[in-house]
Amino acid sequence: VQLQAYGGGVVQAGGSLRLSCTASGRTFSNYDMGWFRQTPGKELEFVAGITTSGWSTYYQDSVKGRFAISRDNANNTVYLQTSSLKPEDTAIYYCAAAEKRIGFYLTHASKGRYDYWGKGTQVTVSS
C-alpha cells in the first residue's frame, strides 16, 4: 500500500492543523493505521493509532485531549486533527499502515508493528 501524508505547515502556538494521509494500492479497511513524528536527533515517536473499523483509538499521553485520529474507509484516508499546538509538537509527521493482526491494542505504539510508511509532512509550531 502506498501512503501520502499532507496538510502540514507553519502555525502559531495554540493553533490547529488537520493532517491527512491517503492510501492506495490495497484495501485500506484491512489496515490499522498510525501517526508517528520525528524531530532531528530524536527517535521516531508514536502519536496516535486507530483500528481498521475506527472503533478504537490510541494516543501518546502528551497529545491526549489535543489531537484526534479518525479515518474514512470509503475515501481511503486517515486524519490527524491537531489543536492547541505547542512548539514541542514541531516535527515531521508520518502515517503508517499495519496489516490487521490480533494485538494492535498492545502493539500500536511500536514502529515495528507497521508494514508501510508514507513520506512525512512537516509541522512547525512557532511560539
# chains A, B, ... in the order shown; residues from 1 in each chain; ligands from 1
$ residues_around --residues "Ser70 of chain A" --least-positions-apart "4" --cutoff "9 Å" --atoms "only C-alpha atoms" --output "PyMOL selection string"
chain A and resi 49-50+54+57+77-81
$ select_by_dssp --residues "segment 30-66 of chain A" --states "strand (DSSP E)" --output "list in words"
Tyr31, Asp32, Met33, Gly34, Trp35, Phe36, Arg37, Gln38, Glu45, Phe46, Val47, Ala48, Gly49, Ile50, Thr57, Tyr58 and Tyr59 of chain A
$ residues_around --residues "Leu3 of chain A" --least-positions-apart "3" --cutoff "12 Å" --atoms "only C-alpha atoms" --output "PyMOL selection string"
chain A and resi 6+20-26+28+31+33-35+76-78+94-98+115-121
$ closest_residue --among "A:Gly9, A:Gly103, A:Gly14, A:Gly112" --to "Leu44 of chain A" --atoms "only C-alpha atoms"
A:Gly112
$ atom_distance --atom1 "atom CA of Gln12 of chain A" --atom2 "atom CA of Tyr93 of chain A"
17.1 Å
$ select_by_dssp --residues "chain A" --states "alpha helix (DSSP H)" --output "list of chain:residue names"
A:Phe104, A:Tyr105, A:Leu106, A:Thr107
$ closest_residue --among "A:Val47, A:Ile102, A:Val123, A:Leu85" --to "Leu19 of chain A" --atoms "only C-alpha atoms"
A:Val123
$ atom_distance --atom1 "atom CA of Arg18 of chain A" --atom2 "atom CA of Thr82 of chain A"
5.9 Å
$ closest_residue --among "A:Asp89, A:Phe36, A:Val125, A:Lys42" --to "Ile69 of chain A" --atoms "only C-alpha atoms"
A:Phe36
$ atom_distance --atom1 "atom CA of Phe46 of chain A" --atom2 "atom CA of Pro87 of chain A"
17.3 Å
$ closest_residue --among "A:Gln4, A:Ser29, A:Ser56, A:Gln122" --to "Thr90 of chain A" --atoms "only C-alpha atoms"
A:Gln122
$ closest_residue --among "A:Ser127, A:Ala91, A:Asp72, A:Arg101" --to "Gly41 of chain A" --atoms "only C-alpha atoms"
A:Ala91
$ decode --residues "segment 65-81 of chain A" --atoms "C-alpha atoms" --output "PDB file, in the first residue's frame"
ATOM      1  CA  GLY A  65      -7.134  15.875  24.543  1.00  0.00           C
ATOM      2  CA  ARG A  66      -5.413  17.918  21.825  1.00  0.00           C
ATOM      3  CA  PHE A  67      -5.143  15.540  18.875  1.00  0.00           C
ATOM      4  CA  ALA A  68      -7.803  13.289  17.353  1.00  0.00           C
ATOM      5  CA  ILE A  69      -7.274  10.486  14.871  1.00  0.00           C
ATOM      6  CA  SER A  70     -10.068   9.378  12.584  1.00  0.00           C
ATOM      7  CA  ARG A  71     -10.492   7.549   9.304  1.00  0.00           C
ATOM      8  CA  ASP A  72     -12.747   7.462   6.285  1.00  0.00           C
ATOM      9  CA  ASN A  73     -12.576   3.991   4.793  1.00  0.00           C
ATOM     10  CA  ALA A  74     -14.745   4.968   1.855  1.00  0.00           C
ATOM     11  CA  ASN A  75     -12.128   7.514   0.827  1.00  0.00           C
ATOM     12  CA  ASN A  76      -9.025   5.594   1.940  1.00  0.00           C
ATOM     13  CA  THR A  77      -7.939   8.390   4.242  1.00  0.00           C
ATOM     14  CA  VAL A  78      -6.818   8.716   7.832  1.00  0.00           C
ATOM     15  CA  TYR A  79      -6.759  12.069   9.561  1.00  0.00           C
ATOM     16  CA  LEU A  80      -4.971  13.624  12.475  1.00  0.00           C
ATOM     17  CA  GLN A  81      -6.751  16.699  13.759  1.00  0.00           C
TER      18      GLN A  81
END
